[in-house]
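What follows is a single structure, written as structure tokens, with notes after it.
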Amino acid sequence: MYMIQTVGLTKRFGSFTANDHIDLAIPEKEITCIVGENGAGKTTLMNMLYGLLEPTEGEIRIRGSQVKLRSPIDAIANGIGMVHQHFKLVPSLSVYENILLGAEITKKGGLIDRKEEIRKVEELIHNYHFELNPLDKVEDISVGSRQRVEILKMLYRNVDILILDEPTAVLTPQEANDLIDRLKDLKEKGKTIIVITHKLREVMEVSDSVVVIKRGKVVGSMRTKDTSEQELAQMMVGRDVMLTVENDRRKVSDGGVIYQAENLTTINSFGKECLKNVSFQVARGEILGIAGVEGNGQSELVKIISGLMEATAGRVMFDGEDVTNIWPDKLRQKGIGIIPEDRFAQGLCRTMTLTENAVAGYHTQKEVCRGGLMNTKVMRQRRDSQIERFDIRVGDLEGTVGALSGGNAQKIIVARELSAGPKLLIACQPTRGIDIGSIESIHRQLLEYRNQGNAVILISSELPEIMSLSDRVIVLYKGEVTGEVDPTKTDMMQIGLLMAGITDKEAAQ
Ligand SMILES: Nc1ncnc2c1ncn2[C@@H]1O[C@H](COP(=O)(O)OP(=O)(O)OP(=O)(O)O)[C@@H](O)[C@H]1O
Ligand SMILES: [Mg+2]
């Protein structure tokens with residue numbers, strides 16, 4: 001039986017058609033993956049199934065009957081739950097309070113029955129084998145744990161269909177593996193699951209069937225066992241995609257050190273020293289990768305070098321100047337491009353237009369702003385050249401960034417920072433949420449940028465990305481640099497040991 005069917009489902013935004021007569025058939029008690037390029041229409045489709053968007057045309061059927069989903073409340077009543085990429089939890093509340101938000105259990109007099117609530121949540125956690133403490137505050141738990149809270153929130157409401165929009169994009173590799181196990185387990189327990197992902201390895205590992213969407217239309221629908229990563233990539237992008245990058249490191253010349261961090265140290269909000277005496281150098285024409293398991297200081301290090309957090313001790317020199325603890329706009333003026341980790345919190349302004357975002361951070365440049373007046377002609381030119389160079393898919397050129405798909409929003413940041421012609425680029429998770437065709441293109445552009453004699457500091461939770469692009473890799477463990485490796489002479493296993501804090505000597509024993 002099909003759990004969900006859509007017939008001719010269509011969504012238009014103005015004159016732009018985001019979903020064009022989509023016919024889906026989602027089998028029950030299976031995992032279906034939805035894949036497609038950035039802007040293909042995946043999130044739009046799922047938002048209609050979750051009652052967040054009203055279809056322009058077409059039908060949705062659940063268990064064979066036609067339904068009208070006017071809101072997520074309707075969707076949940078029909079057994080459909082969704083976990084978004086940007087979580088919607090209340091950070092100051094505990095895990096159990098977030099799960100029960102809007103479904104509180106009360107005693108006779110109307111008071112909240114705290115004991116019963118905790119017991120229910122404990123039971124839920126136990127039944128689904130999730131690792132969580134119901135009393136922890138959400139603001140204190142990891143991204144992976146927050147996602148578990150979101151999933152449990154849906155399971156508590158007894159949904160039997162669970163939609164996850166790019167659930168692994170924000171997870172560390174370990175957390176992603178754990179999520180995949182949990183999803184397989186949920187399927188065993190009879191749930192129907194739909195997962196949007198850009199990671200084809202995950203598609204092959206977790207799904208029973210896969211649907212490919214391209215420019216708003218379904219272009220392929222098959223059993224996973226009958227396809228391959230290469231074929232899916234071909235269908236999505238419409239051409240052969242190289243799943244690995246060719247990095248000709250011989251071209252790199254020693255252009256001399258341009259960036260030097262010396263003994264960077266900092267203390268986090270709990271008063272704990274989370275970075276201790278971190279020193280490294282980057283040369284012109286070099287990509288330095290920074291690897292480490294989440295929570296070992298790379299997040300703080302990136303914040304410090306991008307001007308978002310202060311170092312309590314240490315110094316940073318760039319191109320002969322002291323740039324310790326100066327703000328991001330000043331760093332950009334001096335020639336340091338920054339791709340921040342959180343695209344919406346630090347990289348873009350959702351409510352502003354594409355044109356404004358195309359110069360954000362560079363808006364004080366003479367060419368962009370003179371005598372307090374913005375030069376809209378220059379702004380539009382920059383926007384258009386960024387869109388063309390990075391193949392950014394936009395519905396409305398004059399629209400806001402909020403109307404862009406997740407991956408296209410990320411591409412705006414990469415495009416803006418690279419186009420500004422910095423001498424050093426700090427690239428933090430540069431390809432998060434990006435489709436494989438565009439990853440190939442961004443990787444090529446990063447290598448080309450380096451080959452022109454520029455420097456890059458690359459931070460990524462994707463170890464293969466770090467290994468294939470970097471000329472040198474340093475590893476952070478417990479806030480300290482524990483090793484430096486040559487990625488051409490090191491394998492994933494060795495670097496994995498360093499990331500786990502196991503040095504060569506210990507490994508040999
Ligand atoms: N509220 C909106 N107003 C106008 N256009 C929109 C709106 N929401 C989405 N779009 C457009 O619809 C298209 C599909 O967007 P959608 O978010 O569904 O893509 P996606 O497949 O999820 O891509 P990604 O992989 O980047 O997340 C995009 O071109 C986007 O700009
Ligand atoms: Mg999306």
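Ligands are numbered from 1 in the order shown, residues from 1 within each chain, and chains are lettered A, B, ... in the order they appear in the structure tokens.
Taking only C-alpha atoms and all ligand atoms into account, the protein and nucleic acid residues that come at most 10 Å from ligand 2 are Val35, Gly36, Glu37, Asn38, Gly39, Ala40, Gly41, Lys42, Thr43, Thr44, Leu45, Met46, Asn47, His84, Gln85, Asp165, Glu166, Ile196, Thr197, His198, Leu404, Ser405, Gly406, Gly407, Asn408, Gly433 and Ile434 of chain A.
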(Q) Just list as a PyMOL selection string whatever in range 71-178 of chain A DSSP marks as strand (DSSP E or B). (A) chain A and resi 80-83+94+106+112+137+161-165
Q: Find the spatial neighbours of Thr17 in chain A, counting only C-alpha atoms, within a cut-off of 12 Å - ignore same-chain residues fewer than 4 positions away - and output them as a ChimeraX atom specification.
A: /A:9-13,21-22,39-41,44-45,55-57,214-217,394-396
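The space separating atom 25 (O, counted along the ligand's line) of ligand 1 from CA of Ile459 in chain A comes to 21.3 Å.
Restricting the calculation to only C-alpha atoms, the smallest distance between Thr400 in chain A and any of A:Val316, A:Leu348, A:Val95, A:Val359 is found for A:Leu348.
The smallest atom-to-atom distance between ligand 1 and any of A:Ser142, A:Gln410, A:Gln234, A:Thr244, using only C-alpha atoms and all ligand atoms, is found for A:Gln410.
Between Ala176 in chain A and the residues A:Cys369, A:Val143, A:Met204, A:Val219, the shortest atom-to-atom distance, using only C-alpha atoms, involves A:Val143.
Every protein, DNA or RNA residue with an atom at most 10 Å from Val90 in chain A, where only C-alpha atoms count and chain neighbours fewer than 4 positions away do not, is listed here: Ser94, Val95, Glu97, Asn98, Leu101, Lys137, Val138 and Glu139 of chain A.
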Resulting file, chosen residues, C-alpha atoms, as a PDB file, in the first residue's frame:
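The resulting file, selection.pdb, is reproduced below:
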```
ATOM      1  CA  SER A  94      14.394  21.123  29.105  1.00  0.00           C
ATOM      2  CA  VAL A  95      14.243  18.157  26.754  1.00  0.00           C
ATOM      3  CA  GLU A  97       9.327  20.259  28.241  1.00  0.00           C
ATOM      4  CA  ASN A  98      10.174  20.736  24.568  1.00  0.00           C
ATOM      5  CA  LEU A 101       5.191  21.668  24.423  1.00  0.00           C
ATOM      6  CA  LYS A 137      18.268  21.970  29.016  1.00  0.00           C
ATOM      7  CA  VAL A 138      18.122  22.130  25.216  1.00  0.00           C
ATOM      8  CA  GLU A 139      20.644  25.004  25.122  1.00  0.00           C
TER       9      GLU A 139
END
```
Q. Could you pull the residues within 9 Å of Val302 in chain A, counting only C-alpha atoms, minus those fewer than 6 positions along the same chain, as a PyMOL selection string?
A. chain A and resi 308-309+340-341+426+428+459
Q. For the atom pair CA of Ile62 in chain A and CA of Ala75 in chain A, what is the interatomic distance in Å to one decimal place?
A. 10.0 Å
Could you pull the residues within 12 Å of Leu49 in chain A, counting only C-alpha atoms, minus those fewer than 5 positions along the same chain, as a PDB file with N, CA and C atoms, in the first residue's frame?
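Resulting contents of out26.pdb:
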```pdb
ATOM      1  N   MET A   3       1.503   4.885   1.363  1.00  0.00           N
ATOM      2  CA  MET A   3       1.139   5.688   2.530  1.00  0.00           C
ATOM      3  C   MET A   3       0.744   7.094   2.077  1.00  0.00           C
ATOM      4  N   ILE A   4       1.573   7.647   1.196  1.00  0.00           N
ATOM      5  CA  ILE A   4       1.277   8.980   0.663  1.00  0.00           C
ATOM      6  C   ILE A   4       1.310   8.907  -0.856  1.00  0.00           C
ATOM      7  N   GLN A   5       0.338   9.559  -1.476  1.00  0.00           N
ATOM      8  CA  GLN A   5       0.384   9.722  -2.933  1.00  0.00           C
ATOM      9  C   GLN A   5       0.105  11.180  -3.246  1.00  0.00           C
ATOM     10  N   THR A   6       0.790  11.698  -4.251  1.00  0.00           N
ATOM     11  CA  THR A   6       0.404  13.023  -4.730  1.00  0.00           C
ATOM     12  C   THR A   6       0.069  12.869  -6.206  1.00  0.00           C
ATOM     13  N   LEU A   9       0.622  17.343  -8.170  1.00  0.00           N
ATOM     14  CA  LEU A   9       0.813  18.380  -7.148  1.00  0.00           C
ATOM     15  C   LEU A   9       1.722  19.503  -7.688  1.00  0.00           C
ATOM     16  N   THR A  10       1.217  20.727  -7.600  1.00  0.00           N
ATOM     17  CA  THR A  10       1.889  21.868  -8.213  1.00  0.00           C
ATOM     18  C   THR A  10       1.930  23.023  -7.233  1.00  0.00           C
ATOM     19  N   LYS A  11       3.089  23.716  -7.190  1.00  0.00           N
ATOM     20  CA  LYS A  11       3.182  24.930  -6.370  1.00  0.00           C
ATOM     21  C   LYS A  11       3.844  26.032  -7.181  1.00  0.00           C
ATOM     22  N   LEU A  24       3.791  11.414  -6.755  1.00  0.00           N
ATOM     23  CA  LEU A  24       4.644  10.634  -5.855  1.00  0.00           C
ATOM     24  C   LEU A  24       3.849   9.437  -5.369  1.00  0.00           C
ATOM     25  N   ILE A  26       4.587   6.971  -2.091  1.00  0.00           N
ATOM     26  CA  ILE A  26       5.514   6.592  -1.021  1.00  0.00           C
ATOM     27  C   ILE A  26       5.009   5.304  -0.364  1.00  0.00           C
ATOM     28  N   LYS A  42      12.525  20.290  -3.519  1.00  0.00           N
ATOM     29  CA  LYS A  42      12.336  19.229  -2.526  1.00  0.00           C
ATOM     30  C   LYS A  42      11.639  19.735  -1.263  1.00  0.00           C
ATOM     31  N   THR A  43      12.169  20.832  -0.706  1.00  0.00           N
ATOM     32  CA  THR A  43      11.595  21.366   0.530  1.00  0.00           C
ATOM     33  C   THR A  43      10.162  21.850   0.290  1.00  0.00           C
ATOM     34  N   THR A  44       9.932  22.488  -0.845  1.00  0.00           N
ATOM     35  CA  THR A  44       8.591  22.970  -1.187  1.00  0.00           C
ATOM     36  C   THR A  44       7.597  21.803  -1.169  1.00  0.00           C
ATOM     37  N   GLU A  54       0.244  25.785   0.816  1.00  0.00           N
ATOM     38  CA  GLU A  54      -0.973  25.302   0.173  1.00  0.00           C
ATOM     39  C   GLU A  54      -0.682  25.019  -1.294  1.00  0.00           C
ATOM     40  N   PRO A  55      -1.026  23.828  -1.782  1.00  0.00           N
ATOM     41  CA  PRO A  55      -0.770  23.531  -3.194  1.00  0.00           C
ATOM     42  C   PRO A  55      -1.538  24.492  -4.099  1.00  0.00           C
ATOM     43  N   GLY A  58      -3.557  20.220  -7.723  1.00  0.00           N
ATOM     44  CA  GLY A  58      -3.232  18.819  -7.445  1.00  0.00           C
ATOM     45  C   GLY A  58      -3.773  18.300  -6.124  1.00  0.00           C
ATOM     46  N   GLU A  59      -3.514  17.021  -5.886  1.00  0.00           N
ATOM     47  CA  GLU A  59      -4.099  16.327  -4.728  1.00  0.00           C
ATOM     48  C   GLU A  59      -3.055  15.649  -3.884  1.00  0.00           C
ATOM     49  N   ILE A  60      -3.363  15.556  -2.585  1.00  0.00           N
ATOM     50  CA  ILE A  60      -2.546  14.731  -1.684  1.00  0.00           C
ATOM     51  C   ILE A  60      -3.461  13.628  -1.157  1.00  0.00           C
ATOM     52  N   ARG A  61      -2.991  12.373  -1.221  1.00  0.00           N
ATOM     53  CA  ARG A  61      -3.769  11.266  -0.646  1.00  0.00           C
ATOM     54  C   ARG A  61      -2.951  10.591   0.441  1.00  0.00           C
ATOM     55  N   ILE A  62      -3.608  10.348   1.556  1.00  0.00           N
ATOM     56  CA  ILE A  62      -2.940   9.616   2.623  1.00  0.00           C
ATOM     57  C   ILE A  62      -3.724   8.334   2.858  1.00  0.00           C
ATOM     58  N   VAL A  67      -6.802  14.270   1.112  1.00  0.00           N
ATOM     59  CA  VAL A  67      -6.844  15.131   2.304  1.00  0.00           C
ATOM     60  C   VAL A  67      -6.519  16.573   1.918  1.00  0.00           C
ATOM     61  N   LYS A  68      -6.998  17.497   2.744  1.00  0.00           N
ATOM     62  CA  LYS A  68      -6.593  18.907   2.629  1.00  0.00           C
ATOM     63  C   LYS A  68      -5.816  19.213   3.901  1.00  0.00           C
ATOM     64  N   LEU A  69      -4.552  19.608   3.765  1.00  0.00           N
ATOM     65  CA  LEU A  69      -3.734  19.888   4.938  1.00  0.00           C
ATOM     66  C   LEU A  69      -3.556  21.398   5.051  1.00  0.00           C
ATOM     67  N   ARG A  70      -4.263  21.996   5.998  1.00  0.00           N
ATOM     68  CA  ARG A  70      -4.228  23.459   6.088  1.00  0.00           C
ATOM     69  C   ARG A  70      -3.129  23.966   7.014  1.00  0.00           C
ATOM     70  N   SER A  71      -2.621  23.074   7.871  1.00  0.00           N
ATOM     71  CA  SER A  71      -1.581  23.484   8.811  1.00  0.00           C
ATOM     72  C   SER A  71      -0.869  22.222   9.300  1.00  0.00           C
ATOM     73  N   PRO A  72       0.274  22.396   9.985  1.00  0.00           N
ATOM     74  CA  PRO A  72       0.940  21.225  10.570  1.00  0.00           C
ATOM     75  C   PRO A  72       0.026  20.468  11.540  1.00  0.00           C
ATOM     76  N   ILE A  73      -0.914  21.159  12.157  1.00  0.00           N
ATOM     77  CA  ILE A  73      -1.842  20.459  13.073  1.00  0.00           C
ATOM     78  C   ILE A  73      -2.655  19.428  12.281  1.00  0.00           C
ATOM     79  N   ASP A  74      -3.126  19.844  11.095  1.00  0.00           N
ATOM     80  CA  ASP A  74      -3.837  18.906  10.209  1.00  0.00           C
ATOM     81  C   ASP A  74      -2.936  17.744   9.807  1.00  0.00           C
ATOM     82  N   ALA A  75      -1.681  18.086   9.474  1.00  0.00           N
ATOM     83  CA  ALA A  75      -0.752  17.044   9.020  1.00  0.00           C
ATOM     84  C   ALA A  75      -0.532  16.030  10.140  1.00  0.00           C
ATOM     85  N   ILE A  76      -0.277  16.531  11.352  1.00  0.00           N
ATOM     86  CA  ILE A  76      -0.035  15.633  12.488  1.00  0.00           C
ATOM     87  C   ILE A  76      -1.276  14.774  12.765  1.00  0.00           C
ATOM     88  N   ASN A  78      -3.198  13.713  10.643  1.00  0.00           N
ATOM     89  CA  ASN A  78      -3.204  12.674   9.615  1.00  0.00           C
ATOM     90  C   ASN A  78      -1.976  11.762   9.711  1.00  0.00           C
ATOM     91  N   GLY A  79      -1.226  11.927  10.789  1.00  0.00           N
ATOM     92  CA  GLY A  79      -0.087  11.036  11.025  1.00  0.00           C
ATOM     93  C   GLY A  79       1.211  11.430  10.354  1.00  0.00           C
ATOM     94  N   ILE A  80       1.307  12.701   9.890  1.00  0.00           N
ATOM     95  CA  ILE A  80       2.544  13.141   9.235  1.00  0.00           C
ATOM     96  C   ILE A  80       3.309  14.113  10.128  1.00  0.00           C
ATOM     97  N   GLY A  81       4.575  13.810  10.389  1.00  0.00           N
ATOM     98  CA  GLY A  81       5.415  14.716  11.178  1.00  0.00           C
ATOM     99  C   GLY A  81       6.628  15.118  10.358  1.00  0.00           C
ATOM    100  N   MET A  82       7.156  16.323  10.636  1.00  0.00           N
ATOM    101  CA  MET A  82       8.335  16.760   9.868  1.00  0.00           C
ATOM    102  C   MET A  82       9.384  17.373  10.798  1.00  0.00           C
ATOM    103  N   ILE A 161       4.257   8.718   9.797  1.00  0.00           N
ATOM    104  CA  ILE A 161       5.080   9.129   8.662  1.00  0.00           C
ATOM    105  C   ILE A 161       5.995  10.242   9.165  1.00  0.00           C
ATOM    106  N   LEU A 162       7.299  10.070   8.948  1.00  0.00           N
ATOM    107  CA  LEU A 162       8.246  11.067   9.433  1.00  0.00           C
ATOM    108  C   LEU A 162       9.030  11.621   8.249  1.00  0.00           C
ATOM    109  N   ILE A 163       8.989  12.958   8.088  1.00  0.00           N
ATOM    110  CA  ILE A 163       9.740  13.598   7.006  1.00  0.00           C
ATOM    111  C   ILE A 163      10.936  14.315   7.617  1.00  0.00           C
ATOM    112  N   LEU A 164      12.126  14.093   7.070  1.00  0.00           N
ATOM    113  CA  LEU A 164      13.312  14.795   7.571  1.00  0.00           C
ATOM    114  C   LEU A 164      13.981  15.523   6.406  1.00  0.00           C
ATOM    115  N   ILE A 194      10.529   9.609   5.078  1.00  0.00           N
ATOM    116  CA  ILE A 194      10.994  10.295   3.867  1.00  0.00           C
ATOM    117  C   ILE A 194      12.179  11.166   4.262  1.00  0.00           C
TER     118      ILE A 194
END
```
(Q) If DSSP is run on the backbone, what residues of range 290-434 of chain A are alpha helix (DSSP H)? A reply as JSON, numbers by chain would be ideal. (A) {"A": [298, 299, 300, 301, 302, 303, 304, 305, 328, 329, 330, 331, 332, 333, 354, 355, 356, 357, 376, 377, 378, 379, 380, 381, 382, 383, 384, 385, 386, 387, 388, 389, 406, 407, 408, 409, 410, 411, 412, 413, 414, 415, 416, 417, 418, 419]}
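The interatomic distance for the pair CA of Met499 in chain A and CA of Gly292 in chain A works out to 5.1 Å.
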Q) Taking into account only C-alpha atoms, which residue in the set A:Ala103, A:Leu93, A:Ile338, A:Cys33 is nearest to Pro134 in chain A? A) A:Leu93
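Counting only C-alpha atoms and all ligand atoms, the residue from A:Gly372, A:Pro167, A:Gly320, A:Gly102 that sits nearest to ligand 1 is A:Pro167.
Ranking A:Met492, A:Val278, A:Val159, A:Ala403 by their shortest atom-to-atom distance to ligand 1, with only C-alpha atoms and all ligand atoms included, puts A:Ala403 first.
Excluding Lys199 in chain A and any residue on its chain fewer than 3 positions from it, the residues at most 9 Å away by only C-alpha atoms are Val35, Thr168, Ala169, Glu202, Val203, Asp435 and Ile436 of chain A.
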Could the residues in this selection be saved with N, CA and C atoms as a compact mmCIF listing (two decimals), in the first residue's frame?
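Ended up saving to part33.txt:
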```
# COMPACT_ATOMS: atom_id res chain seq x y z
N VAL A 35 16.05 13.19 -3.72
CA VAL A 35 17.28 13.89 -4.07
C VAL A 35 17.03 14.85 -5.23
N THR A 168 21.16 15.19 7.99
CA THR A 168 22.56 14.98 8.34
C THR A 168 23.46 16.16 7.99
N ALA A 169 22.90 17.18 7.33
CA ALA A 169 23.73 18.32 6.92
C ALA A 169 24.43 18.97 8.10
N GLU A 202 24.53 8.11 1.73
CA GLU A 202 23.43 7.87 2.67
C GLU A 202 22.22 7.27 1.97
N VAL A 203 21.94 7.77 0.76
CA VAL A 203 20.80 7.25 0.01
C VAL A 203 20.97 5.75 -0.17
N ASP A 435 24.39 20.77 -3.40
CA ASP A 435 24.24 19.54 -4.19
C ASP A 435 25.57 19.14 -4.82
N ILE A 436 25.65 17.86 -5.24
CA ILE A 436 26.97 17.35 -5.66
C ILE A 436 27.54 18.04 -6.90
```
